[in-house]
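Participant: final08.txt is the file, holding compact mmCIF, C-alpha atoms (C1' of nucleotides):
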```
# COMPACT_ATOMS: atom_id res chain seq x y z
CA MET W 1 -23.66 28.86 43.39
CA ASP W 2 -22.46 26.32 40.91
CA ARG W 3 -25.53 26.30 38.75
CA GLY W 4 -23.66 26.64 35.52
CA LYS W 5 -22.72 23.47 33.69
CA SER W 6 -25.78 21.40 32.96
CA LEU W 7 -24.01 18.04 32.72
CA ASP W 8 -23.59 16.68 29.22
CA ILE W 9 -25.19 13.34 29.92
CA GLY W 10 -25.99 12.70 26.28
CA ASP W 11 -22.48 12.39 24.96
CA LYS W 12 -21.34 10.36 27.92
CA LEU W 13 -24.20 7.94 27.58
CA LYS W 14 -23.63 7.59 23.88
CA LEU W 15 -19.96 6.91 24.46
CA LEU W 16 -20.65 4.28 27.07
CA ARG W 17 -23.25 2.65 24.89
CA LYS W 18 -20.90 2.43 21.92
CA GLN W 19 -18.06 1.21 24.12
CA HIS W 20 -20.27 -1.70 25.05
CA GLY W 21 -21.23 -2.33 21.45
CA LEU W 22 -24.89 -1.62 21.91
CA SER W 23 -27.32 0.06 19.54
CA GLN W 24 -29.95 2.46 20.82
CA ARG W 25 -32.55 -0.23 20.26
CA GLU W 26 -30.62 -2.94 22.06
CA LEU W 27 -29.98 -0.73 25.04
CA ALA W 28 -33.58 0.41 25.00
CA ALA W 29 -34.79 -3.18 25.08
CA ARG W 30 -32.56 -4.06 28.01
CA ALA W 31 -33.53 -0.95 29.92
CA GLY W 32 -37.23 -1.25 29.22
CA LEU W 33 -37.32 2.06 27.37
CA THR W 34 -37.57 2.94 23.71
CA ASN W 35 -34.93 3.84 21.16
CA GLY W 36 -36.56 7.19 20.60
CA THR W 37 -36.06 8.12 24.21
CA ILE W 38 -32.41 7.24 24.05
CA SER W 39 -32.03 9.26 20.89
CA LEU W 40 -33.48 12.31 22.61
CA ILE W 41 -31.38 11.84 25.72
CA GLU W 42 -28.17 11.42 23.77
CA LYS W 43 -28.85 14.62 21.90
CA ASN W 44 -29.55 16.35 25.22
CA ARG W 45 -33.01 17.24 24.06
CA THR W 46 -34.53 15.93 27.27
CA SER W 47 -33.24 15.49 30.77
CA PRO W 48 -34.16 11.91 31.67
CA SER W 49 -35.75 11.12 34.99
CA VAL W 50 -33.42 9.59 37.49
CA ALA W 51 -35.43 6.40 37.20
CA SER W 52 -34.92 6.28 33.43
CA LEU W 53 -31.25 7.00 33.68
CA LYS W 54 -30.86 4.29 36.27
CA SER W 55 -32.58 1.79 33.98
CA LEU W 56 -30.18 2.70 31.22
CA LEU W 57 -27.09 2.50 33.39
CA ASP W 58 -28.21 -0.78 34.92
CA ALA W 59 -28.53 -2.17 31.42
CA ILE W 60 -25.04 -1.17 30.36
CA PRO W 61 -24.21 -1.87 33.24
CA ILE W 62 -22.64 0.86 35.29
CA SER W 63 -23.62 2.38 38.61
CA MET W 64 -24.98 5.87 39.03
CA ALA W 65 -22.08 6.82 41.27
CA GLU W 66 -19.60 5.62 38.69
CA PHE W 67 -21.39 7.39 35.89
CA PHE W 68 -21.41 10.77 37.58
CA SER W 69 -17.88 10.29 38.83
CA ILE W 70 -16.69 9.90 35.27
CA LEU W 71 -18.86 12.80 34.23
CA GLU W 72 -17.77 15.26 36.88
CA GLU W 73 -14.22 14.06 37.01
CA GLU W 74 -13.58 15.93 33.84
CA ASP W 75 -13.91 19.14 35.76
CA THR W 76 -10.35 18.55 36.83
CA THR W 77 -9.30 20.15 33.59
CA LYS W 78 -11.04 23.35 34.55
CA VAL W 79 -8.52 26.05 35.38
CA PHE W 80 -10.32 29.36 35.70
CA TYR W 81 -13.30 30.08 37.90
CA ARG W 82 -15.43 33.19 37.87
CA ALA W 83 -16.46 34.52 41.27
CA GLU W 84 -20.02 33.36 40.79
CA GLU W 85 -18.83 29.84 40.04
CA LEU W 86 -17.50 29.28 43.55
CA THR W 87 -19.78 26.94 45.47
CA GLU W 88 -21.15 27.88 48.84
CA ILE W 89 -20.37 25.14 51.35
CA SER W 90 -21.19 26.67 54.71
CA PRO W 91 -23.81 24.73 56.69
CA SER W 92 -26.26 27.64 56.35
CA SER W 93 -27.12 27.06 59.99
CA GLN W 94 -24.13 29.29 60.68
CA GLY W 95 -25.60 32.69 60.08
CA GLY W 96 -23.22 35.27 58.75
CA VAL W 97 -20.58 32.80 57.69
CA SER W 98 -20.01 32.17 54.02
CA LEU W 99 -17.54 29.60 52.72
CA ARG W 100 -17.20 29.61 48.98
CA GLN W 101 -15.13 26.84 47.51
CA LEU W 102 -13.03 26.92 44.40
CA GLY W 103 -14.06 24.14 42.06
CA ASN W 104 -14.80 20.59 42.95
CA ALA W 105 -12.49 19.65 45.84
CA GLU W 106 -13.01 15.88 45.50
CA ASN W 107 -10.93 15.68 42.41
CA HIS W 108 -8.15 17.88 43.67
CA ALA W 109 -5.54 17.65 46.37
CA LEU W 110 -6.19 21.22 47.34
CA GLN W 111 -9.22 23.02 48.64
CA VAL W 112 -9.31 26.79 48.42
CA LEU W 113 -12.02 28.83 50.09
CA HIS W 114 -13.17 32.41 49.89
CA GLU W 115 -14.59 33.02 53.35
CA SER W 116 -16.78 35.87 54.46
CA TYR W 117 -17.77 36.68 58.05
CA GLU W 118 -20.53 39.15 58.84
CA PRO W 119 -20.18 41.24 62.01
CA GLY W 120 -20.83 38.89 64.92
CA ALA W 121 -20.43 35.77 62.83
CA ASP W 122 -19.00 32.77 64.66
CA THR W 123 -18.06 29.33 63.37
CA GLY W 124 -18.47 27.91 66.84
CA PRO W 125 -15.78 26.00 68.69
CA GLU W 126 -16.58 22.46 67.61
CA TRP W 127 -14.92 22.17 64.23
CA LEU W 128 -13.20 18.91 63.69
CA SER W 129 -11.62 18.26 60.33
CA HIS W 130 -9.64 15.37 58.93
CA GLU W 131 -5.90 15.23 58.55
CA GLY W 132 -4.07 18.00 56.76
CA GLU W 133 -3.14 21.60 57.15
CA GLU W 134 -5.09 24.79 56.90
CA ALA W 135 -3.76 28.25 56.17
CA GLY W 136 -5.21 31.57 55.13
CA ILE W 137 -4.77 35.28 54.80
CA VAL W 138 -7.17 37.96 55.91
CA VAL W 139 -8.14 40.12 52.96
CA ARG W 140 -10.49 42.61 54.52
CA GLY W 141 -11.64 43.52 58.04
CA ARG W 142 -10.57 41.84 61.26
CA ILE W 143 -11.27 38.46 62.77
CA GLU W 144 -10.57 36.64 66.00
CA VAL W 145 -8.97 33.25 65.44
CA THR W 146 -8.73 30.59 68.15
CA VAL W 147 -6.55 27.53 67.56
CA ASP W 148 -6.16 24.95 70.29
CA GLY W 149 -6.49 27.55 73.01
CA ALA W 150 -4.36 30.28 71.43
CA VAL W 151 -6.31 33.39 70.50
CA THR W 152 -5.49 36.46 68.40
CA GLU W 153 -7.27 38.97 66.28
CA LEU W 154 -5.94 39.09 62.75
CA GLN W 155 -6.50 41.91 60.33
CA ALA W 156 -6.11 42.45 56.62
CA GLY W 157 -2.72 41.15 55.52
CA ASP W 158 -2.30 38.83 58.51
CA GLY W 159 -2.37 35.08 58.09
CA TYR W 160 -2.57 31.77 59.95
CA MET W 161 -1.54 28.17 59.49
CA PHE W 162 -2.30 25.13 61.65
CA ASP W 163 -2.91 21.41 61.69
CA SER W 164 -6.53 20.72 60.72
CA ARG W 165 -6.98 18.32 63.60
CA LEU W 166 -6.58 21.07 66.18
CA PRO W 167 -9.86 22.58 67.35
CA HIS W 168 -10.30 25.99 65.80
CA ARG W 169 -12.79 28.81 65.68
CA PHE W 170 -13.34 32.04 63.80
CA ARG W 171 -15.30 34.98 65.20
CA ASN W 172 -15.87 38.40 63.73
CA LEU W 173 -15.95 40.72 66.76
CA SER W 174 -15.81 43.88 64.67
CA ASN W 175 -18.67 45.70 63.04
CA THR W 176 -17.46 45.29 59.47
CA VAL W 177 -17.47 42.28 57.19
CA CYS W 178 -14.28 40.23 57.24
CA GLU W 179 -12.99 38.31 54.25
CA VAL W 180 -10.43 35.52 54.32
CA VAL W 181 -8.89 33.42 51.61
CA SER W 182 -7.86 30.03 52.92
CA ALA W 183 -6.49 26.72 51.72
CA CYS W 184 -6.68 23.18 53.05
CA THR W 185 -4.81 20.08 52.02
CA PRO W 186 -6.03 17.51 51.57
CA PRO W 187 -9.73 18.34 51.11
CA SER W 188 -11.00 17.82 54.60
CA PHE W 189 -14.51 16.51 54.87
CA MET D 190 -29.90 -7.84 35.59
CA ASP D 191 -29.94 -5.53 38.57
CA ARG D 192 -33.20 -3.83 37.80
CA GLY D 193 -34.56 -4.26 41.27
CA LYS D 194 -33.84 -1.50 43.75
CA SER D 195 -35.19 1.79 42.51
CA LEU D 196 -32.91 4.05 44.53
CA ASP D 197 -34.54 5.73 47.49
CA ILE D 198 -33.62 9.24 46.49
CA GLY D 199 -36.36 10.81 48.55
CA ASP D 200 -35.12 9.88 51.99
CA LYS D 201 -31.55 10.72 51.12
CA LEU D 202 -32.46 14.12 49.78
CA LYS D 203 -34.60 14.84 52.80
CA LEU D 204 -31.77 13.83 55.11
CA LEU D 205 -29.28 16.01 53.30
CA ARG D 206 -31.67 18.90 53.28
CA LYS D 207 -32.26 18.67 57.01
CA GLN D 208 -28.58 18.22 57.71
CA HIS D 209 -28.04 21.56 56.05
CA GLY D 210 -30.85 23.15 58.00
CA LEU D 211 -32.98 23.94 54.97
CA SER D 212 -36.74 23.86 54.60
CA GLN D 213 -38.34 22.57 51.44
CA ARG D 214 -39.17 26.14 50.52
CA GLU D 215 -35.67 27.46 51.10
CA LEU D 216 -34.11 24.69 49.07
CA ALA D 217 -36.72 25.16 46.36
CA ALA D 218 -35.90 28.85 46.12
CA ARG D 219 -32.19 28.18 45.83
CA ALA D 220 -32.68 25.46 43.25
CA GLY D 221 -35.21 27.37 41.20
CA LEU D 222 -37.92 24.77 41.79
CA THR D 223 -41.01 24.74 43.98
CA ASN D 224 -41.57 23.36 47.43
CA GLY D 225 -44.30 21.10 46.10
CA THR D 226 -41.87 19.40 43.76
CA ILE D 227 -39.49 18.72 46.59
CA SER D 228 -42.27 17.30 48.67
CA LEU D 229 -43.17 14.87 45.90
CA ILE D 230 -39.57 13.88 45.31
CA GLU D 231 -38.89 13.30 48.98
CA LYS D 232 -41.91 11.04 49.20
CA ASN D 233 -40.69 9.18 46.12
CA ARG D 234 -43.90 9.99 44.32
CA THR D 235 -42.00 11.20 41.27
CA SER D 236 -38.61 10.48 39.83
CA PRO D 237 -37.04 13.88 39.21
CA SER D 238 -35.29 14.64 35.98
CA VAL D 239 -31.54 14.62 36.18
CA ALA D 240 -31.61 18.35 35.58
CA SER D 241 -33.94 18.93 38.52
CA LEU D 242 -31.92 16.74 40.80
CA LYS D 243 -28.76 18.54 39.81
CA SER D 244 -30.35 21.89 40.62
CA LEU D 245 -31.28 20.59 44.05
CA LEU D 246 -27.87 19.11 44.76
CA ASP D 247 -26.11 22.23 43.53
CA ALA D 248 -28.20 24.22 45.96
CA ILE D 249 -27.33 22.09 48.97
CA PRO D 250 -24.53 21.87 47.68
CA ILE D 251 -23.28 18.40 46.88
CA SER D 252 -22.12 16.85 43.64
CA MET D 253 -24.03 14.20 41.74
CA ALA D 254 -21.17 11.75 42.09
CA GLU D 255 -21.04 12.29 45.82
CA PHE D 256 -24.80 11.94 46.14
CA PHE D 257 -24.99 8.63 44.36
CA SER D 258 -21.89 7.38 46.09
CA ILE D 259 -23.55 7.89 49.42
CA LEU D 260 -26.73 6.40 48.09
CA GLU D 261 -25.26 3.24 46.65
CA GLU D 262 -22.69 2.88 49.37
CA GLU D 263 -25.37 1.74 51.70
CA ASP D 264 -25.62 -1.45 49.74
CA THR D 265 -22.63 -2.54 51.78
CA THR D 266 -25.06 -3.51 54.46
CA LYS D 267 -26.83 -5.87 52.11
CA VAL D 268 -26.07 -9.47 52.96
CA PHE D 269 -28.36 -11.70 50.96
CA TYR D 270 -28.83 -11.64 47.20
CA ARG D 271 -31.46 -13.47 45.22
CA ALA D 272 -30.28 -15.05 41.98
CA GLU D 273 -32.06 -12.43 39.90
CA GLU D 274 -30.30 -9.66 41.79
CA LEU D 275 -26.87 -10.57 40.46
CA THR D 276 -25.74 -8.03 37.87
CA GLU D 277 -24.61 -9.12 34.46
CA ILE D 278 -21.19 -7.62 33.73
CA SER D 279 -20.00 -9.43 30.63
CA PRO D 280 -19.14 -7.10 27.73
CA SER D 281 -22.08 -8.43 25.69
CA SER D 282 -19.75 -8.59 22.75
CA GLN D 283 -18.69 -11.95 24.11
CA GLY D 284 -21.48 -14.20 22.94
CA GLY D 285 -22.22 -17.15 25.15
CA VAL D 286 -20.36 -15.82 28.13
CA SER D 287 -22.32 -14.60 31.13
CA LEU D 288 -20.67 -13.05 34.16
CA ARG D 289 -23.09 -12.30 36.94
CA GLN D 290 -21.71 -10.35 39.84
CA LEU D 291 -22.73 -10.54 43.46
CA GLY D 292 -23.66 -7.08 44.71
CA ASN D 293 -21.87 -3.89 44.09
CA ALA D 294 -18.15 -4.68 43.94
CA GLU D 295 -16.98 -1.09 44.31
CA ASN D 296 -17.85 -0.99 47.95
CA HIS D 297 -16.43 -4.38 48.80
CA ALA D 298 -13.00 -5.89 48.93
CA LEU D 299 -14.29 -9.00 47.26
CA GLN D 300 -15.90 -9.66 43.92
CA VAL D 301 -17.80 -12.90 43.45
CA LEU D 302 -19.08 -13.98 40.06
CA HIS D 303 -21.47 -16.61 38.83
CA GLU D 304 -20.14 -17.41 35.38
CA SER D 305 -21.88 -19.29 32.62
CA TYR D 306 -20.30 -20.46 29.37
CA GLU D 307 -22.39 -21.70 26.47
CA PRO D 308 -20.92 -24.45 24.27
CA GLY D 309 -18.19 -22.83 22.19
CA ALA D 310 -18.03 -19.73 24.35
CA ASP D 311 -14.60 -18.13 24.59
CA THR D 312 -13.46 -15.18 26.65
CA GLY D 313 -10.63 -14.56 24.22
CA PRO D 314 -6.98 -14.44 25.19
CA GLU D 315 -6.60 -10.76 25.91
CA TRP D 316 -7.89 -10.37 29.40
CA LEU D 317 -5.87 -8.06 31.52
CA SER D 318 -7.00 -7.28 35.01
CA HIS D 319 -5.54 -5.21 37.79
CA GLU D 320 -3.69 -6.53 40.78
CA GLY D 321 -5.15 -9.27 42.88
CA GLU D 322 -5.97 -12.93 42.78
CA GLU D 323 -8.66 -14.88 41.06
CA ALA D 324 -9.98 -18.28 42.01
CA GLY D 325 -13.00 -20.38 41.18
CA ILE D 326 -14.66 -23.75 41.18
CA VAL D 327 -16.43 -25.40 38.29
CA VAL D 328 -20.00 -26.19 39.27
CA ARG D 329 -21.34 -27.80 36.12
CA GLY D 330 -19.97 -28.99 32.78
CA ARG D 331 -16.35 -28.74 31.65
CA ILE D 332 -14.16 -25.82 30.63
CA GLU D 333 -10.70 -25.29 29.22
CA VAL D 334 -8.67 -22.83 31.26
CA THR D 335 -5.45 -21.23 30.00
CA VAL D 336 -3.28 -19.28 32.42
CA ASP D 337 0.02 -17.83 31.26
CA GLY D 338 0.55 -20.66 28.80
CA ALA D 339 -0.57 -23.53 31.00
CA VAL D 340 -3.72 -25.27 29.76
CA THR D 341 -6.12 -27.77 31.31
CA GLU D 342 -9.72 -28.73 31.09
CA LEU D 343 -11.48 -28.54 34.41
CA GLN D 344 -14.76 -30.23 35.22
CA ALA D 345 -17.38 -29.96 37.93
CA GLY D 346 -15.66 -29.93 41.30
CA ASP D 347 -12.28 -28.77 39.94
CA GLY D 348 -10.93 -25.34 40.73
CA TYR D 349 -8.26 -22.78 39.83
CA MET D 350 -6.38 -19.92 41.41
CA PHE D 351 -3.94 -17.46 39.85
CA ASP D 352 -2.58 -13.94 39.92
CA SER D 353 -4.96 -11.64 38.07
CA ARG D 354 -2.15 -10.03 36.15
CA LEU D 355 -1.35 -13.23 34.29
CA PRO D 356 -3.05 -13.53 30.91
CA HIS D 357 -5.91 -15.98 31.14
CA ARG D 358 -8.65 -17.41 29.00
CA PHE D 359 -11.73 -19.58 29.38
CA ARG D 360 -13.17 -21.70 26.58
CA ASN D 361 -16.04 -24.14 26.65
CA LEU D 362 -15.01 -26.88 24.21
CA SER D 363 -17.80 -29.21 25.26
CA ASN D 364 -21.36 -29.25 24.02
CA THR D 365 -23.00 -28.53 27.35
CA VAL D 366 -23.23 -25.32 29.33
CA CYS D 367 -20.50 -24.82 31.91
CA GLU D 368 -20.99 -22.93 35.14
CA VAL D 369 -18.26 -21.54 37.35
CA VAL D 370 -18.34 -19.66 40.61
CA SER D 371 -15.31 -17.42 40.98
CA ALA D 372 -13.89 -14.78 43.26
CA CYS D 373 -11.47 -11.90 42.78
CA THR D 374 -9.76 -9.69 45.30
CA PRO D 375 -9.62 -6.80 45.09
CA PRO D 376 -12.37 -5.91 42.59
CA SER D 377 -10.38 -5.77 39.41
CA PHE D 378 -11.60 -3.27 36.85
C1' DT Y 379 -58.06 33.16 72.66
C1' DT Y 380 -56.67 35.16 67.86
C1' DC Y 381 -53.69 36.43 64.96
C1' DG Y 382 -49.36 35.81 62.04
C1' DT Y 383 -45.70 32.99 60.18
C1' DG Y 384 -43.57 29.00 58.48
C1' DC Y 385 -43.81 24.15 57.80
C1' DG Y 386 -45.05 19.97 54.62
C1' DT Y 387 -48.78 18.17 51.86
C1' DT Y 388 -52.16 17.80 48.06
C1' DG Y 389 -55.47 18.49 43.61
C1' DA Y 390 -55.89 20.64 39.29
C1' DA Y 391 -53.48 22.87 35.55
C1' DT Y 392 -49.40 23.12 32.83
C1' DA Y 393 -44.86 21.89 31.08
C1' DT Y 394 -42.01 18.24 29.95
C1' DA Y 395 -40.42 13.49 29.23
C1' DA Y 396 -41.41 9.03 27.03
C1' DT Y 397 -43.84 6.13 23.48
C1' DT Y 398 -45.41 5.11 19.13
C1' DG Y 399 -45.01 4.73 14.41
C1' DT Y 400 -42.43 6.11 10.66
C1' DC Y 401 -38.62 8.03 7.95
C1' DA Y 402 -34.15 8.19 5.24
C1' DA Y 403 -29.47 6.54 5.48
C1' DT Y 404 -26.25 2.79 5.94
C1' DC Y 405 -24.35 -1.70 5.78
C1' DG Y 406 -23.74 -6.58 3.89
C1' DG Y 407 -25.17 -10.44 1.15
C1' DC Y 408 -26.47 -11.92 -3.16
C1' DG V 409 -27.12 -3.13 -9.11
C1' DC V 410 -31.05 -4.82 -5.60
C1' DC V 411 -32.56 -6.37 -1.26
C1' DG V 412 -33.64 -6.99 3.74
C1' DA V 413 -31.95 -5.78 8.13
C1' DT V 414 -30.36 -2.32 11.21
C1' DT V 415 -29.25 2.13 12.53
C1' DG V 416 -30.38 7.00 14.44
C1' DA V 417 -33.73 10.66 13.94
C1' DC V 418 -38.21 12.92 14.07
C1' DA V 419 -43.60 14.42 14.74
C1' DA V 420 -47.58 13.41 17.10
C1' DT V 421 -49.61 11.24 20.96
C1' DT V 422 -49.55 9.60 25.70
C1' DA V 423 -47.67 9.48 30.25
C1' DT V 424 -45.41 11.86 33.78
C1' DA V 425 -43.04 15.49 36.22
C1' DT V 426 -43.56 20.20 37.78
C1' DT V 427 -46.08 24.25 38.99
C1' DC V 428 -49.59 26.89 41.16
C1' DA V 429 -52.66 27.77 44.64
C1' DA V 430 -54.65 26.27 48.00
C1' DC V 431 -54.98 23.54 52.75
C1' DG V 432 -54.21 21.88 57.58
C1' DC V 433 -51.06 21.91 61.18
C1' DA V 434 -47.79 23.55 64.73
C1' DC V 435 -45.59 27.19 67.13
C1' DG V 436 -45.14 32.02 69.36
C1' DA V 437 -46.57 36.64 70.27
C1' DA V 438 -49.97 39.84 71.12
```
Rewrite the structure from the file as C-alpha cells, please.
Facilitator:
Amino acid sequence: MDRGKSLDIGDKLKLLRKQHGLSQRELAARAGLTNGTISLIEKNRTSPSVASLKSLLDAIPISMAEFFSILEEEDTTKVFYRAEELTEISPSSQGGVSLRQLGNAENHALQVLHESYEPGADTGPEWLSHEGEEAGIVVRGRIEVTVDGAVTELQAGDGYMFDSRLPHRFRNLSNTVCEVVSACTPPSF
Amino acid sequence: MDRGKSLDIGDKLKLLRKQHGLSQRELAARAGLTNGTISLIEKNRTSPSVASLKSLLDAIPISMAEFFSILEEEDTTKVFYRAEELTEISPSSQGGVSLRQLGNAENHALQVLHESYEPGADTGPEWLSHEGEEAGIVVRGRIEVTVDGAVTELQAGDGYMFDSRLPHRFRNLSNTVCEVVSACTPPSF
DNA sequence: TTCGTGCGTTGAATATAATTGTCAATCGGC
DNA sequence: GCCGATTGACAATTATATTCAACGCACGAA
C-alpha cells in the first residue's frame, strides 16, 4: 500500500506563497491564521488540518484539487517502484482478487498491474472499462479468461490481449494462486 | 474571497468508503487510525490533518488530487453566486487591480470576472494568456484599454472583445474607480 | 429467547495542531 | 553608522484532533 511519501506540503506552500509575493504574515492575515502556524507548516513540523490548508489555499488563491495535482504530479519523475510501493486497487468486495498498480496511473499513459488470484477467485462478468487495450502474461498458476464469449484457460507463460471495451472476466479454477502481470492503455477508469 | 464553503469531506469519504465495501473499522486498520476518528471525520465534527486524510485515502486507495477533484467538481452544479462568493484572483502584486472570478473556472468552459480598477491602477503590458477570446463591458468609470497596439479609453456602457493571445493592458487614467465585467473562454491560465 | 459478532457512535483522556508573544536577522531610508 | 519596519523562527500556552474504551443497535445462529 502506498503509505510511503508523506507529501511535502511545506515546500510547495512556501513556493506558492513566494510566487504570489506574500509574506507569512500577509498570508496568515488573509487566511485567518497566524504567521507562526504557517512557519510550522512550511517546515513540515505540523500537518495542517484540511480546514487550515483550505483557508491558506483560498487566500492565495488556489483550489485544493489544483494544489494536490501539482504536488502529486511530480511523481511522474519516479522511475523505480519497490514491490511494497504498488497500490492495491481491487474493490476489496472481490475476495481473493488483488490488483496492485504500478505508480500513479493518472499522470501516465500506461497502467501496469500485478494481479493475484486466489483459488476460486472471480472478477465477475460485468467489467466495463473505457477505451484502450489490455494485455497481460500469466506468471504463475493457471487462470480461466473469458473475453466477449471466448473462453480459455491460460497458464504460466501464456498471455492475452483485447480491446478494453469487450466484456471480460478472470476466474481461478485451480487450487493454487495465479499471478498475472498486465498492462492497460490508456489508464481505464 | 472564497472563504465560504468548508468542503464536505465527511460525506465524500463515507461514500468512497462504502463504494469500496469497507467498514469504518476496516478502513481505520488499513490507514493506521481508529474507527472513532473516522466516525468523527465522516460527521464533519473534526477537520482531519492532511496527514490523516492522506492515510485514509491511501488505504482506499485514491490520491489526494483525485479526491479533491471529485469534491470540488460538484461545484459545477452551483448556479447562483453571492457577491462575496466571487474569488479574488489578481496577483496581489498589482496594486489597485481586483479580479473577482465567478465560481470555479476549472470545471467550466467559461470564466467570468468582476474587475475593479482603482485610479492609477495598471495591469502592466505583459499579459499573456492561453488560447481563447476575451470580452467585457465597462460598468462604471472609464478605463484605457490597449490591445496589440490599438488604444482607446472606454467608459460605462462600452465594451471590448479580442483574441486572448494578443498582448493587452488595462489602465485607469481617471480619478474614479472603474468596474468591468468580462468573460473569457476557455478559462485561460 | 440468548448468545456472539460486527456496525457506527460517543465521553474522557491523550497527542497534536494552532495561537500568542517574543526573538534575532534583514532590508531601506536617513 | 542608526533607526523603524518587516521578515521567519521559536517556546509556552491554548485549542483541537485523535485515541481508548466503552455503549447501543442490528443481524444470525444456536
Participant: Identify, on the basis of only C-alpha atoms (C1' of nucleotides), every residue whose closest approach to DC431 (chain V) does not exceed 12 Å; exclude the query and any residue fewer than 5 positions from it along the same chain; express the result as a ChimeraX atom specification.
Facilitator: /Y:386-389
Participant: Do a neighbour search on Val370 (chain D) at 7 Å with all atoms listed in the file, toss out local chain neighbours closer than 5 positions, and write the hits as a list in words.
Facilitator: Leu302, His303, Glu304, Gly325, Ile326, Val327 and Val328 of chain D
Participant: Using all atoms listed in the file and a cut-off of 8 Å, which residues of chain V sit close to chain D? Please list them as a PyMOL selection string.
Facilitator: chain V and resi 425-427
Participant: Please check which residues have atoms at most 10 Å from (-39.0, 15.4, 10.8) in the file's coordinates, counting only C-alpha atoms (C1' of nucleotides), and write them as an mmCIF file with C-alpha atoms (C1' of nucleotides), keeping the file's coordinate frame.
Facilitator:
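Result went into point20.cif, see below:
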```
data_model
loop_
_atom_site.group_PDB
_atom_site.id
_atom_site.type_symbol
_atom_site.label_atom_id
_atom_site.label_comp_id
_atom_site.auth_asym_id
_atom_site.auth_seq_id
_atom_site.Cartn_x
_atom_site.Cartn_y
_atom_site.Cartn_z
ATOM 1 C "C1'" DT Y 400 -42.430 6.110 10.660
ATOM 2 C "C1'" DC Y 401 -38.620 8.030 7.950
ATOM 3 C "C1'" DA V 417 -33.730 10.660 13.940
ATOM 4 C "C1'" DC V 418 -38.210 12.920 14.070
ATOM 5 C "C1'" DA V 419 -43.600 14.420 14.740
#
```
Participant: So, with all atoms listed in the file as the atoms that count, which of D:Asn233, D:Ser258, D:Thr341, D:Gln213 lies closest to chain Y?
Facilitator: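 Looking only at the distances to chain Y, the closest residue turns out to be D:Gln213.
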Participant: Using all atoms listed in the file, find the one residue out of Y:DG399, Y:DT394, Y:DC408, Y:DG382 that sits nearest to chain D.
Facilitator: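 Closest to chain D, using all atoms listed in the file: Y:DT394.
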Participant: Select residues of chain Y: the criterion is any atom within 9 Å of an atom of chain W, counting all atoms listed in the file; output as a VMD selection string.
Facilitator: chain Y and resid 394 to 397
Participant: For each of W:Leu22, W:Phe68, W:Ala31, W:Lys14, take the minimum atom-to-atom distance to chain D, counting all atoms listed in the file, then give the residue where this is smallest.
Facilitator: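 The answer is W:Phe68, which sits nearest to chain D.
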Participant: For chain W, which of D:Leu204, D:Ala217, D:Met253, D:Leu245 is the closest residue, counting all atoms listed in the file?
Facilitator: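 Under the stated criterion, the closest residue is D:Met253.
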Participant: Please indicate the distance in Å from CA of Asp158 (chain W) to CA of Gly120 (chain W), rounded to one decimal place.
Facilitator: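 We find that CA of Asp158 (chain W) and CA of Gly120 (chain W) lie 19.6 Å from each other.
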Participant: To one decimal in Å, tell me the separation between CA of Tyr306 (chain D) and CA of Thr335 (chain D).
Facilitator: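 These atoms are spaced 14.9 Å apart.
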